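Colleague: See work-v7.csv below, with CSV, C-alpha atoms.
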chain,number,residue,atom,x,y,z
Y,28,MET,CA,-117.9,-60.8,33.3
Y,29,PRO,CA,-116.2,-64.0,31.9
Y,30,ALA,CA,-115.9,-64.3,28.1
Y,31,THR,CA,-118.5,-66.5,26.5
Y,32,VAL,CA,-118.7,-67.8,23.0
Y,33,LEU,CA,-122.0,-69.4,22.0
Y,34,PRO,CA,-122.2,-72.1,19.2
Y,35,MET,CA,-122.7,-71.2,15.6
Y,36,GLN,CA,-126.1,-72.0,14.2
Y,37,ALA,CA,-126.8,-73.1,10.6
Y,38,GLN,CA,-125.9,-70.7,7.8
Y,39,LEU,CA,-128.4,-67.8,7.8
Y,40,PRO,CA,-129.7,-66.4,4.6
Y,41,ILE,CA,-128.3,-62.9,3.8
Y,42,HIS,CA,-131.0,-60.2,3.7
Y,43,PRO,CA,-130.6,-58.5,0.3
Y,44,ALA,CA,-130.7,-55.0,1.9
Y,45,LEU,CA,-127.4,-55.7,3.6
Y,46,ARG,CA,-125.4,-55.9,0.4
Y,47,GLU,CA,-127.5,-53.2,-1.3
Y,48,VAL,CA,-126.8,-50.5,1.4
Y,49,VAL,CA,-123.1,-51.3,1.8
Y,50,GLU,CA,-122.4,-51.4,-1.9
Y,51,ARG,CA,-124.4,-48.3,-2.7
Y,52,LEU,CA,-123.0,-46.0,0.0
Y,53,ALA,CA,-119.4,-47.2,-0.1
Y,54,GLN,CA,-119.2,-45.5,-3.5
Y,55,VAL,CA,-119.7,-42.1,-1.8
Y,56,GLU,CA,-116.9,-40.4,0.0
Y,57,ARG,CA,-118.4,-39.6,3.4
Y,58,GLY,CA,-116.0,-37.5,5.5
Y,59,PRO,CA,-117.5,-35.9,8.6
Y,60,GLY,CA,-119.4,-32.8,7.6
Y,61,SER,CA,-118.9,-33.3,3.9
Y,62,GLN,CA,-121.4,-33.1,1.0
Y,63,GLY,CA,-120.9,-36.8,0.5
Y,64,GLU,CA,-121.9,-37.5,4.1
Y,65,ALA,CA,-125.1,-35.3,3.6
Y,66,ALA,CA,-125.9,-37.1,0.3
Y,67,ALA,CA,-125.5,-40.5,2.1
Y,68,ALA,CA,-128.0,-39.3,4.8
Y,69,ASP,CA,-130.5,-38.2,2.2
Y,70,TRP,CA,-130.2,-41.6,0.4
Y,71,LEU,CA,-130.6,-43.5,3.7
Y,72,SER,CA,-133.6,-41.4,4.6
Y,73,GLU,CA,-135.4,-42.3,1.4
Y,74,ARG,CA,-134.4,-45.9,1.7
Y,75,LEU,CA,-135.9,-46.1,5.3
Y,76,LYS,CA,-139.1,-44.5,4.1
Y,77,GLN,CA,-139.3,-47.2,1.4
Y,78,ALA,CA,-139.0,-49.7,4.3
Y,79,GLY,CA,-142.1,-48.2,6.0
Y,80,CYS,CA,-140.5,-45.9,8.6
Y,81,GLU,CA,-141.3,-42.4,9.6
Y,82,VAL,CA,-138.0,-40.6,8.9
Y,83,GLU,CA,-136.5,-37.2,9.5
Y,84,VAL,CA,-133.0,-35.9,8.6
Y,85,GLU,CA,-132.2,-33.8,11.6
Y,86,ARG,CA,-129.8,-30.9,11.5
Y,87,ALA,CA,-126.9,-31.4,13.9
Y,88,GLU,CA,-123.6,-29.8,14.8
Y,89,PHE,CA,-120.1,-31.1,15.7
Y,90,TYR,CA,-116.8,-29.7,16.7
Y,91,ASP,CA,-114.0,-30.6,14.4
Y,92,GLY,CA,-111.7,-33.3,15.7
Y,93,TYR,CA,-109.9,-35.4,16.6
Y,94,MET,CA,-106.9,-34.8,14.4
Y,95,LYS,CA,-106.7,-31.0,14.6
Y,96,PRO,CA,-107.4,-30.4,18.4
Y,97,ILE,CA,-105.4,-33.4,19.5
Y,98,GLY,CA,-102.5,-32.7,17.1
Y,99,THR,CA,-102.4,-29.1,18.3
Y,100,LEU,CA,-102.3,-30.2,22.0
Y,101,THR,CA,-99.5,-32.8,21.3
Y,102,ALA,CA,-97.6,-30.1,19.5
Y,103,VAL,CA,-98.0,-27.8,22.5
Y,104,ALA,CA,-96.7,-30.6,24.7
Y,105,ALA,CA,-93.7,-31.0,22.5
Y,106,LEU,CA,-92.9,-27.3,22.6
Y,107,GLY,CA,-93.3,-27.5,26.4
Y,108,GLY,CA,-90.8,-30.4,26.4
Y,109,LEU,CA,-88.3,-28.3,24.5
Y,110,LEU,CA,-88.8,-25.5,27.0
Y,111,ALA,CA,-88.5,-27.9,30.0
Y,112,LEU,CA,-85.1,-29.1,28.8
Y,113,ARG,CA,-83.8,-25.7,29.8
Y,114,ARG,CA,-83.5,-24.9,33.5
Y,115,ARG,CA,-85.3,-21.6,33.3
Y,116,GLY,CA,-88.1,-23.1,31.3
Y,117,ARG,CA,-88.6,-26.3,33.2
Y,118,VAL,CA,-91.6,-25.1,35.3
Y,119,LEU,CA,-93.4,-23.4,32.4
Y,120,GLY,CA,-92.7,-26.3,30.0
Y,121,GLY,CA,-93.9,-28.8,32.5
Y,122,LEU,CA,-97.1,-26.9,33.1
Y,123,ALA,CA,-97.8,-26.6,29.4
Y,124,ALA,CA,-97.4,-30.4,28.9
Y,125,ALA,CA,-99.6,-31.1,32.0
Y,126,ALA,CA,-102.3,-28.8,30.6
Y,127,ALA,CA,-102.1,-30.5,27.2
Y,128,ALA,CA,-102.4,-34.0,28.8
Y,129,ALA,CA,-105.5,-32.9,30.8
Y,130,LEU,CA,-107.2,-31.4,27.7
Y,131,ILE,CA,-106.4,-34.5,25.6
Y,132,ALA,CA,-107.9,-36.7,28.3
Y,133,ASP,CA,-110.9,-34.5,28.6
Y,134,ASP,CA,-111.5,-34.6,24.8
Y,135,VAL,CA,-111.2,-38.3,24.0
Y,136,ALA,CA,-113.1,-39.3,27.1
Y,137,ASN,CA,-116.2,-37.2,26.1
Y,138,THR,CA,-116.3,-35.2,29.2
Y,139,TRP,CA,-116.3,-31.3,28.9
Y,140,ARG,CA,-114.2,-31.1,25.7
Y,141,VAL,CA,-113.0,-27.7,26.7
Y,142,PHE,CA,-110.3,-27.3,24.0
Y,143,ARG,CA,-112.5,-28.6,21.1
Y,144,LYS,CA,-115.2,-26.2,21.9
Y,145,LEU,CA,-113.0,-23.2,21.3
Y,146,SER,CA,-113.5,-23.8,17.6
Y,147,LYS,CA,-116.6,-23.0,15.5
Y,148,PRO,CA,-119.2,-25.9,15.3
Y,149,ARG,CA,-119.8,-27.4,11.8
Y,150,PRO,CA,-123.0,-28.8,10.4
Y,151,THR,CA,-123.8,-32.5,10.0
Y,152,GLN,CA,-127.0,-34.5,10.1
Y,153,ASN,CA,-128.6,-37.4,11.9
Y,154,VAL,CA,-131.0,-39.7,10.2
Y,155,VAL,CA,-133.8,-40.7,12.7
Y,156,ALA,CA,-136.4,-43.3,11.7
Y,157,ILE,CA,-139.2,-44.8,13.7
Y,158,ALA,CA,-140.3,-48.4,13.3
Y,159,GLY,CA,-142.2,-50.9,15.4
Y,160,ASP,CA,-145.1,-49.6,17.6
Y,161,ARG,CA,-145.0,-45.8,17.2
Y,162,ASN,CA,-147.2,-45.2,20.3
Y,163,ALA,CA,-145.4,-47.6,22.6
Y,164,GLU,CA,-144.1,-46.3,26.0
Y,165,ARG,CA,-140.9,-48.4,25.7
Y,166,THR,CA,-138.2,-47.7,23.2
Y,167,LEU,CA,-135.2,-49.5,21.8
Y,168,VAL,CA,-132.7,-47.1,20.1
Y,169,LEU,CA,-130.3,-48.6,17.6
Y,170,LEU,CA,-127.2,-46.4,16.9
Y,171,ALA,CA,-125.1,-46.5,13.7
Y,172,HIS,CA,-123.2,-43.8,11.8
Y,173,HIS,CA,-123.0,-43.1,8.1
Y,174,ASP,CA,-119.7,-41.1,7.9
Y,175,ALA,CA,-116.3,-42.6,7.2
Y,176,ALA,CA,-112.9,-42.0,8.6
Y,177,HIS,CA,-109.5,-40.9,7.3
Y,178,THR,CA,-106.9,-43.6,7.0
Y,179,GLY,CA,-103.3,-43.2,8.2
Y,180,ARG,CA,-100.1,-45.2,8.8
Y,181,ILE,CA,-101.1,-45.7,12.5
Y,182,PHE,CA,-103.9,-47.9,11.4
Y,183,ASP,CA,-101.7,-50.5,9.7
Y,184,ASP,CA,-102.6,-53.8,11.5
Y,185,ARG,CA,-99.9,-56.0,10.0
Y,186,LEU,CA,-97.9,-56.1,13.3
Y,187,GLN,CA,-101.0,-57.0,15.4
Y,188,ASN,CA,-101.9,-59.8,13.0
Y,189,LEU,CA,-98.3,-61.1,13.0
Y,190,LEU,CA,-98.2,-61.1,16.8
Y,191,GLU,CA,-101.5,-63.0,16.9
Y,192,GLN,CA,-99.9,-65.7,14.7
Y,193,LYS,CA,-96.9,-65.9,17.1
Y,194,LEU,CA,-98.8,-65.6,20.4
Y,195,PRO,CA,-102.3,-66.9,19.8
Y,196,GLY,CA,-102.9,-67.9,23.4
Y,197,MET,CA,-102.1,-64.4,24.7
Y,198,PHE,CA,-104.6,-62.8,22.2
Y,199,GLU,CA,-107.3,-65.3,23.2
Y,200,ARG,CA,-107.0,-64.2,26.8
Y,201,VAL,CA,-107.0,-60.5,26.2
Y,202,ASP,CA,-110.5,-59.0,26.0
Y,203,THR,CA,-109.6,-55.3,26.0
Y,204,SER,CA,-108.4,-53.5,22.9
Y,205,VAL,CA,-105.0,-51.8,22.7
Y,206,PRO,CA,-105.2,-48.4,24.6
Y,207,LEU,CA,-104.0,-46.2,21.7
Y,208,TRP,CA,-105.0,-43.0,23.4
Y,209,TRP,CA,-102.7,-43.9,26.3
Y,210,LEU,CA,-99.8,-43.7,23.8
Y,211,VAL,CA,-100.9,-40.2,22.8
Y,212,LEU,CA,-101.1,-39.2,26.5
Y,213,ALA,CA,-97.8,-40.8,27.4
Y,214,GLY,CA,-95.7,-38.0,25.8
Y,215,PRO,CA,-97.3,-35.0,27.6
Y,216,VAL,CA,-97.5,-36.9,30.9
Y,217,ALA,CA,-93.8,-37.9,30.7
Y,218,ILE,CA,-92.8,-34.3,30.0
Y,219,ALA,CA,-94.8,-33.1,33.0
Y,220,LEU,CA,-93.4,-35.7,35.3
Y,221,GLY,CA,-89.9,-35.2,34.0
Y,222,ALA,CA,-90.1,-31.5,34.6
Y,223,ALA,CA,-91.5,-32.0,38.1
Y,224,ARG,CA,-88.7,-34.5,39.0
Y,225,LYS,CA,-86.0,-32.6,37.1
Y,226,ARG,CA,-85.2,-35.6,34.9
Y,227,LYS,CA,-84.2,-34.6,31.4
Y,228,SER,CA,-84.2,-38.2,30.2
Y,229,LEU,CA,-87.9,-38.5,31.0
Y,230,ILE,CA,-88.6,-35.1,29.4
Y,231,GLY,CA,-86.7,-36.3,26.3
Y,232,MET,CA,-88.8,-39.4,26.0
Y,233,GLY,CA,-92.0,-37.4,26.4
Y,234,LEU,CA,-90.7,-34.9,23.8
Y,235,ALA,CA,-90.1,-37.8,21.3
Y,236,GLY,CA,-93.5,-39.3,22.0
Y,237,SER,CA,-95.4,-36.0,21.6
Y,238,THR,CA,-93.6,-35.3,18.4
Y,239,LEU,CA,-94.5,-38.7,17.0
Y,240,ALA,CA,-98.1,-38.2,18.1
Y,241,THR,CA,-98.2,-34.9,16.3
Y,242,ALA,CA,-96.8,-36.4,13.2
Y,243,ALA,CA,-99.4,-39.2,13.4
Y,244,MET,CA,-102.3,-36.7,13.6
Y,245,ILE,CA,-100.9,-34.7,10.6
Y,246,ASP,CA,-100.6,-37.9,8.6
Y,247,ILE,CA,-104.2,-39.0,9.4
Y,248,ALA,CA,-105.5,-35.5,8.4
Y,249,ALA,CA,-103.6,-35.6,5.1
Y,250,SER,CA,-104.7,-39.2,4.3
Y,251,PRO,CA,-107.8,-40.1,2.2
Y,252,ILE,CA,-111.2,-41.0,3.4
Y,253,VAL,CA,-111.8,-44.8,3.5
Y,254,PRO,CA,-114.8,-46.5,1.8
Y,255,GLY,CA,-116.1,-47.4,5.3
Y,256,ALA,CA,-117.9,-50.5,4.3
Y,257,ASN,CA,-117.3,-52.4,7.5
Y,258,ASP,CA,-117.0,-49.2,9.6
Y,259,ASN,CA,-119.8,-48.5,9.6
Y,260,LEU,CA,-122.0,-49.2,6.6
Y,261,THR,CA,-122.6,-52.7,7.9
Y,262,ALA,CA,-124.5,-51.1,10.8
Y,263,VAL,CA,-126.4,-48.7,8.6
Y,264,ALA,CA,-127.4,-51.8,6.5
Y,265,VAL,CA,-128.7,-53.5,9.6
Y,266,LEU,CA,-131.0,-50.5,10.2
Y,267,VAL,CA,-132.5,-50.8,6.8
Y,268,ALA,CA,-132.9,-54.6,6.8
Y,269,LEU,CA,-134.4,-54.5,10.3
Y,270,ALA,CA,-136.9,-51.9,9.2
Y,271,GLU,CA,-138.0,-54.2,6.4
Y,272,ARG,CA,-138.2,-57.1,8.8
Y,273,LEU,CA,-140.4,-55.1,11.2
Y,274,ARG,CA,-142.7,-54.1,8.3
Y,275,ALA,CA,-143.1,-57.7,7.2
Y,276,GLU,CA,-143.7,-58.9,10.7
Y,277,PRO,CA,-144.9,-56.0,12.9
Y,278,ILE,CA,-144.4,-55.9,16.7
Y,279,GLU,CA,-146.5,-54.2,19.4
Y,280,GLY,CA,-145.4,-52.7,22.6
Y,281,LEU,CA,-142.0,-51.4,21.5
Y,282,ARG,CA,-141.0,-48.3,19.5
Y,283,VAL,CA,-137.8,-48.8,17.6
Y,284,MET,CA,-135.7,-45.8,16.8
Y,285,LEU,CA,-133.2,-46.4,13.9
Y,286,VAL,CA,-130.6,-43.7,14.3
Y,287,SER,CA,-127.6,-43.1,12.0
Y,288,CYS,CA,-125.5,-40.2,13.3
Y,289,GLY,CA,-123.2,-38.0,11.3
Y,290,ALA,CA,-119.6,-37.1,12.2
Y,291,GLU,CA,-119.0,-40.1,14.5
Y,292,GLU,CA,-115.5,-40.4,13.2
Y,293,VAL,CA,-114.3,-37.2,14.8
Y,294,VAL,CA,-114.6,-39.1,18.1
Y,295,GLN,CA,-118.4,-38.4,18.6
Y,296,GLY,CA,-120.1,-35.5,16.8
Y,297,GLY,CA,-123.7,-35.7,15.7
Y,298,ILE,CA,-124.7,-37.9,18.6
Y,299,TYR,CA,-124.5,-34.8,20.9
Y,300,SER,CA,-127.3,-33.1,18.9
Y,301,PHE,CA,-129.4,-36.3,19.0
Y,302,ALA,CA,-128.9,-36.4,22.8
Y,303,GLU,CA,-129.9,-32.8,23.2
Y,304,ARG,CA,-133.0,-33.2,21.1
Y,305,HIS,CA,-134.2,-36.6,22.2
Y,306,PHE,CA,-132.9,-37.6,25.6
Y,307,PRO,CA,-135.5,-35.3,27.4
Y,308,GLU,CA,-138.3,-37.4,25.9
Y,309,LEU,CA,-136.7,-40.8,26.5
Y,310,ASP,CA,-137.4,-42.3,29.9
Y,311,ARG,CA,-134.3,-44.1,31.4
Y,312,GLU,CA,-136.6,-46.7,32.9
Y,313,LYS,CA,-138.2,-47.5,29.5
Y,314,THR,CA,-135.4,-47.0,27.0
Y,315,TRP,CA,-132.5,-49.2,25.9
Y,316,PHE,CA,-129.6,-48.2,23.6
Y,317,LEU,CA,-127.9,-50.8,21.4
Y,318,GLY,CA,-124.8,-49.5,19.5
Y,319,LEU,CA,-124.0,-51.2,16.1
Y,320,GLU,CA,-120.4,-50.8,15.2
Y,321,THR,CA,-118.2,-52.4,12.5
Y,322,LEU,CA,-120.2,-55.7,12.1
Y,323,GLY,CA,-118.5,-57.2,9.1
Y,324,SER,CA,-115.5,-58.9,10.7
Y,325,PRO,CA,-115.6,-62.7,11.2
Y,326,LEU,CA,-116.6,-62.9,14.9
Y,327,LEU,CA,-119.6,-61.2,16.6
Y,328,ALA,CA,-119.0,-59.8,20.0
Y,329,MET,CA,-120.7,-57.5,22.6
Y,330,LEU,CA,-118.9,-54.7,24.4
Y,331,GLU,CA,-119.5,-54.5,28.1
Y,332,GLY,CA,-118.0,-51.0,28.3
Y,333,GLU,CA,-115.5,-48.6,26.7
Y,334,GLY,CA,-113.0,-46.0,27.8
Y,335,PRO,CA,-110.2,-44.3,26.0
Y,336,VAL,CA,-108.7,-43.1,29.3
Y,337,LEU,CA,-110.5,-44.9,32.1
Y,338,MET,CA,-112.7,-47.9,31.4
Y,339,GLU,CA,-116.4,-47.4,32.1
Y,340,ASP,CA,-118.8,-50.3,32.0
Y,341,TYR,CA,-122.2,-49.5,30.5
Y,342,PRO,CA,-125.1,-49.1,33.0
Y,343,ASP,CA,-127.4,-51.9,33.9
Y,344,VAL,CA,-125.7,-55.3,33.3
Y,345,ARG,CA,-129.2,-56.9,33.1
Y,346,PHE,CA,-129.6,-55.4,29.6
Y,347,ARG,CA,-126.3,-57.0,28.4
Y,348,ASP,CA,-127.3,-60.2,30.0
Y,349,LEU,CA,-130.5,-60.1,28.0
Y,350,VAL,CA,-128.6,-59.6,24.8
Y,351,ALA,CA,-126.5,-62.6,25.5
Y,352,ARG,CA,-129.5,-64.7,26.5
Y,353,VAL,CA,-131.3,-63.8,23.3
Y,354,ALA,CA,-128.2,-64.8,21.3
Y,355,GLY,CA,-128.1,-68.1,23.1
Y,356,ASP,CA,-131.8,-68.8,22.5
Y,357,ARG,CA,-131.3,-68.2,18.8
Y,358,GLY,CA,-128.1,-70.2,18.6
Y,359,LEU,CA,-126.1,-67.1,17.5
Y,360,PRO,CA,-122.4,-66.9,18.3
Y,361,LEU,CA,-121.6,-63.9,20.6
Y,362,ARG,CA,-118.4,-63.3,22.5
Y,363,ARG,CA,-118.9,-61.5,25.9
Y,364,GLY,CA,-116.5,-59.8,28.2
Y,365,MET,CA,-115.1,-57.4,25.5
Y,366,ARG,CA,-114.2,-53.8,26.3
Y,367,ALA,CA,-113.0,-51.1,23.9
Y,368,ARG,CA,-110.3,-48.5,24.5
Y,369,ASN,CA,-111.7,-46.4,21.7
Y,370,SER,CA,-115.1,-44.7,22.0
Y,371,THR,CA,-118.3,-45.1,20.1
Y,372,ASP,CA,-121.5,-43.1,20.0
Y,373,ALA,CA,-122.9,-45.4,22.7
Y,374,THR,CA,-120.7,-43.6,25.2
Y,375,ILE,CA,-123.1,-40.7,25.2
Y,376,PRO,CA,-126.2,-42.6,26.4
Y,377,CYS,CA,-123.9,-44.5,28.7
Y,378,HIS,CA,-122.9,-41.2,30.4
Y,379,ALA,CA,-126.6,-40.3,30.6
Y,380,GLY,CA,-127.4,-43.5,32.5
Y,381,TYR,CA,-129.4,-45.5,29.9
Y,382,PRO,CA,-129.0,-49.3,29.8
Y,383,THR,CA,-126.5,-49.7,26.9
Y,384,ALA,CA,-124.7,-52.4,25.0
Y,385,THR,CA,-122.8,-52.4,21.7
Y,386,LEU,CA,-122.5,-55.1,19.1
Y,387,VAL,CA,-119.1,-55.2,17.3
Y,388,SER,CA,-117.1,-57.8,15.4
Y,389,PHE,CA,-113.4,-58.7,15.2
Y,390,ASN,CA,-110.9,-61.1,13.7
Y,391,ARG,CA,-108.6,-63.6,15.3
Y,392,ALA,CA,-106.2,-60.8,16.3
Y,393,LYS,CA,-109.1,-59.1,18.2
Y,394,ALA,CA,-108.9,-56.3,15.6
Y,395,LEU,CA,-111.7,-54.7,13.6
Y,396,SER,CA,-111.2,-56.0,10.0
Y,397,ASN,CA,-109.7,-53.3,7.7
Y,398,TYR,CA,-110.3,-50.7,10.4
Y,399,HIS,CA,-109.6,-47.2,8.9
Y,400,GLN,CA,-107.9,-48.7,5.9
Y,401,MET,CA,-108.5,-48.3,2.2
Y,402,SER,CA,-109.2,-52.0,2.0
Y,403,ASP,CA,-112.5,-51.4,4.0
Y,404,THR,CA,-114.5,-52.2,0.9
Y,405,PRO,CA,-117.8,-54.2,0.3
Y,406,GLU,CA,-116.0,-57.2,-1.0
Y,407,ASN,CA,-114.1,-57.5,2.3
Y,408,VAL,CA,-117.2,-57.5,4.4
Y,409,ASN,CA,-118.2,-60.8,6.1
Y,410,TYR,CA,-121.9,-60.6,5.5
Y,411,GLY,CA,-122.4,-63.8,7.6
Y,412,THR,CA,-121.5,-61.8,10.7
Y,413,VAL,CA,-123.7,-58.9,9.6
Y,414,THR,CA,-126.6,-61.3,9.2
Y,415,GLN,CA,-126.0,-62.7,12.7
Y,416,ALA,CA,-126.1,-59.1,14.1
Y,417,LEU,CA,-129.4,-58.5,12.2
Y,418,HIS,CA,-131.0,-61.6,13.6
Y,419,LEU,CA,-129.8,-60.8,17.1
Y,420,THR,CA,-131.1,-57.3,16.9
Y,421,GLU,CA,-134.5,-58.3,15.6
Y,422,ALA,CA,-134.8,-61.0,18.3
Y,423,LEU,CA,-133.9,-58.6,21.0
Y,424,ALA,CA,-136.5,-56.1,19.8
Y,425,ARG,CA,-139.2,-58.8,19.9
Y,426,LYS,CA,-138.1,-59.8,23.4
Y,427,LEU,CA,-138.4,-56.3,24.6
Y,428,ALA,CA,-141.7,-55.8,22.8
Y,429,ASP,CA,-143.0,-58.8,24.8
Y,430,ASN,CA,-141.8,-57.1,28.0
Y,431,LEU,CA,-139.7,-60.1,28.8
Y,432,TRP,CA,-136.4,-58.3,29.3
Y,433,LEU,CA,-135.7,-59.0,33.0
Could you render the structure as structure tokens?

Modeller:
Amino acid sequence: MPATVLPMQAQLPIHPALREVVERLAQVERGPGSQGEAAAADWLSERLKQAGCEVEVERAEFYDGYMKPIGTLTAVAALGGLLALRRRGRVLGGLAAAAAAALIADDVANTWRVFRKLSKPRPTQNVVAIAGDRNAERTLVLLAHHDAAHTGRIFDDRLQNLLEQKLPGMFERVDTSVPLWWLVLAGPVAIALGAARKRKSLIGMGLAGSTLATAAMIDIAASPIVPGANDNLTAVAVLVALAERLRAEPIEGLRVMLVSCGAEEVVQGGIYSFAERHFPELDREKTWFLGLETLGSPLLAMLEGEGPVLMEDYPDVRFRDLVARVAGDRGLPLRRGMRARNSTDATIPCHAGYPTATLVSFNRAKALSNYHQMSDTPENVNYGTVTQALHLTEALARKLADNLWL
């Protein structure tokens, strides 16, 4: 799908709920599974009730990650590398590294998650609100999350911004984000290949890579929780503002589920409980999922797919075409053709076969502004882009309500 940028329309008024939600919840430390995360869910639930929604805070569970399980596996790979440097330990060390690589790929790609599930699940919560036509057969599900991430040195984006200044043409042509998880996988894979080919130099490179990856995971786990204004309170704010818009100007023929999941920042947590509870009642022929992720950077974009290991386009390109068409009809800027090498909660309905798309935003360096940094504060949010996402989401809901999505 070729990249498309549609023209900017006149400055849109900023809905007051957008600033209200971001500024209120950014004051709360909302690590996955924390008391602050639960307090944010309770506040959001009450706020959505004030906006006229039927709301439930649903109990959910998640398996701790990604830092502990991935860090453990990279450490196992590093130990395997040390063992593989010795002739008698080459086979065993190579097998250990290969197993670590397979388990890392399984975890970050949201497949079976074998290693993570060896731990005890922890409690979190999902906020699920119903707006629009409660009795409609067709449903639009909007996905956000109210938890916030740890920071860490790996998230420093100064190098990427510097490269964009030096090589702007290259960045303009690239529509897929940096595959960070490939770097994590590279160490264990190099050790396994080096052991298989009896190449100590390759084993040594893999050992260094796995050691650095382990250190990065330890650093992230020891770092503080960010305010998470852009990631992802901007999306939570869109849920509240949209609820108020649908109360002021009701729609018929479409139920709108406003969902904010807990523990997204562990590389998908609460979304699994939502799927277990709600997917059986959501018809794949009459349900659409729109992910809302990090909407406060300068440029609004739509993801066509995502994949930490292997890229997977979302099902049913017709839905993504509709999102782009609605943006064009409203004169809203939207970049197409983007794909993410990280995962979002939208990957779960994608795997289940639902028509899916995700709205995101980025800066000139194709980076999410202040991503997992302590500078992710309300004053650094571009509320103009958040407003564009709100208007696009509302227009999309009204188009689906009119049964004009094809």

Colleague: Measure the distance from CA of Gly159 in chain Y to CA of Leu281 in chain Y in Å and round it to one decimal.

Modeller: 6.1 Å

Colleague: What separation in Å, quoted to one decimal, exists between CA of Thr374 in chain Y and CA of Ala175 in chain Y?

Modeller: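 Distance reported for this atom pair: 18.6 Å.
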
Colleague: So that I can see what lies close to range 270-274 of chain Y, please list as a list in words the residues with an atom at most 7 Å from it, counting all atoms listed in the file and leaving out residues fewer than 2 positions away in the same chain.

Modeller: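 Skipping anything fewer than 2 positions along the chain leaves Ala78, Gly79, Ala158, Gly159, Leu266, Val267, Ala268, Glu276, Pro277 and Ile278 of chain Y.
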
Colleague: For the selection just defined, write its residues with C-alpha atoms to a file, as a JSON list (two decimals), in the frame of the given file.

Modeller:
[["chain", "number", "residue", "atom", "x", "y", "z"],
["Y", 78, "ALA", "CA", -139.00, -49.70, 4.30],
["Y", 79, "GLY", "CA", -142.10, -48.20, 6.00],
["Y", 158, "ALA", "CA", -140.30, -48.40, 13.30],
["Y", 159, "GLY", "CA", -142.20, -50.90, 15.40],
["Y", 266, "LEU", "CA", -131.00, -50.50, 10.20],
["Y", 267, "VAL", "CA", -132.50, -50.80, 6.80],
["Y", 268, "ALA", "CA", -132.90, -54.60, 6.80],
["Y", 276, "GLU", "CA", -143.70, -58.90, 10.70],
["Y", 277, "PRO", "CA", -144.90, -56.00, 12.90],
["Y", 278, "ILE", "CA", -144.40, -55.90, 16.70]]

Colleague: Sort by chain and increasing residue number a table of all residues of range 285-338 of chain Y within 7 Å of range 385-393 of chain Y, each with its closest pair of atoms and their distance in Å to one decimal, counting only C-alpha atoms, and write it as a Markdown table.

Modeller:
| residue | atom | partner | partner_atom | distance |
| --- | --- | --- | --- | --- |
| Y:Leu317 | CA | Y:Thr385 | CA | 5.4 |
| Y:Gly318 | CA | Y:Thr385 | CA | 4.2 |
| Y:Leu319 | CA | Y:Leu386 | CA | 5.1 |
| Y:Glu320 | CA | Y:Val387 | CA | 5.0 |
| Y:Thr321 | CA | Y:Val387 | CA | 5.6 |
| Y:Leu322 | CA | Y:Ser388 | CA | 5.0 |
| Y:Gly323 | CA | Y:Ser388 | CA | 6.5 |
| Y:Ser324 | CA | Y:Phe389 | CA | 5.0 |
| Y:Pro325 | CA | Y:Asn390 | CA | 5.6 |
| Y:Leu326 | CA | Y:Ser388 | CA | 5.1 |
| Y:Leu327 | CA | Y:Ser388 | CA | 4.4 |
| Y:Ala328 | CA | Y:Val387 | CA | 5.3 |
| Y:Met329 | CA | Y:Leu386 | CA | 4.6 |
| Y:Leu330 | CA | Y:Thr385 | CA | 5.3 |

Colleague: I need the residues from that last selection saved to file as a PDB file, keeping the file's coordinate frame (with C-alpha atoms), if you can.

Modeller:
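Result written to out_8.pdb:
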ATOM      1  CA  LEU Y 317    -127.900 -50.800  21.400  1.00  0.00           C
ATOM      2  CA  GLY Y 318    -124.800 -49.500  19.500  1.00  0.00           C
ATOM      3  CA  LEU Y 319    -124.000 -51.200  16.100  1.00  0.00           C
ATOM      4  CA  GLU Y 320    -120.400 -50.800  15.200  1.00  0.00           C
ATOM      5  CA  THR Y 321    -118.200 -52.400  12.500  1.00  0.00           C
ATOM      6  CA  LEU Y 322    -120.200 -55.700  12.100  1.00  0.00           C
ATOM      7  CA  GLY Y 323    -118.500 -57.200   9.100  1.00  0.00           C
ATOM      8  CA  SER Y 324    -115.500 -58.900  10.700  1.00  0.00           C
ATOM      9  CA  PRO Y 325    -115.600 -62.700  11.200  1.00  0.00           C
ATOM     10  CA  LEU Y 326    -116.600 -62.900  14.900  1.00  0.00           C
ATOM     11  CA  LEU Y 327    -119.600 -61.200  16.600  1.00  0.00           C
ATOM     12  CA  ALA Y 328    -119.000 -59.800  20.000  1.00  0.00           C
ATOM     13  CA  MET Y 329    -120.700 -57.500  22.600  1.00  0.00           C
ATOM     14  CA  LEU Y 330    -118.900 -54.700  24.400  1.00  0.00           C
TER      15      LEU Y 330
END

Colleague: Which residues of range 330-381 of chain Y have any atom within 7 Å of an atom in range 128-152 of chain Y when counting all atoms listed in the file, and what is the closest pair of atoms for each, with the distance in Å to one decimal? Order the rows by chain and rising number and write it as a Markdown table.

Modeller:
| residue | atom | partner | partner_atom | distance |
| --- | --- | --- | --- | --- |
| Y:Gly334 | CA | Y:Ala136 | CA | 6.7 |
| Y:Pro335 | CA | Y:Ala136 | CA | 5.9 |
| Y:Val336 | CA | Y:Ala136 | CA | 6.2 |

Colleague: Work out how far CA of Leu349 in chain Y is from CA of Phe316 in chain Y, in Å to one decimal.

Modeller: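 Between CA of Phe316 in chain Y and CA of Leu349 in chain Y the gap is 12.7 Å.
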
Colleague: So which residues are close to (-112.8, -60.4, 26.6), meaning at most 7 Å away in the file's coordinates with only C-alpha atoms counted, and can you show them as a ChimeraX atom specification?

Modeller: /Y:30,200-203,363-366

Colleague: Given all atoms listed in the file as the basis, pick out the residue of Y:Ala416, Y:Ala256, Y:Ala373, Y:Val293 nearest to Ser396 in chain Y.

Modeller: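 For Ser396 in chain Y, the nearest of the candidates is Y:Ala256.
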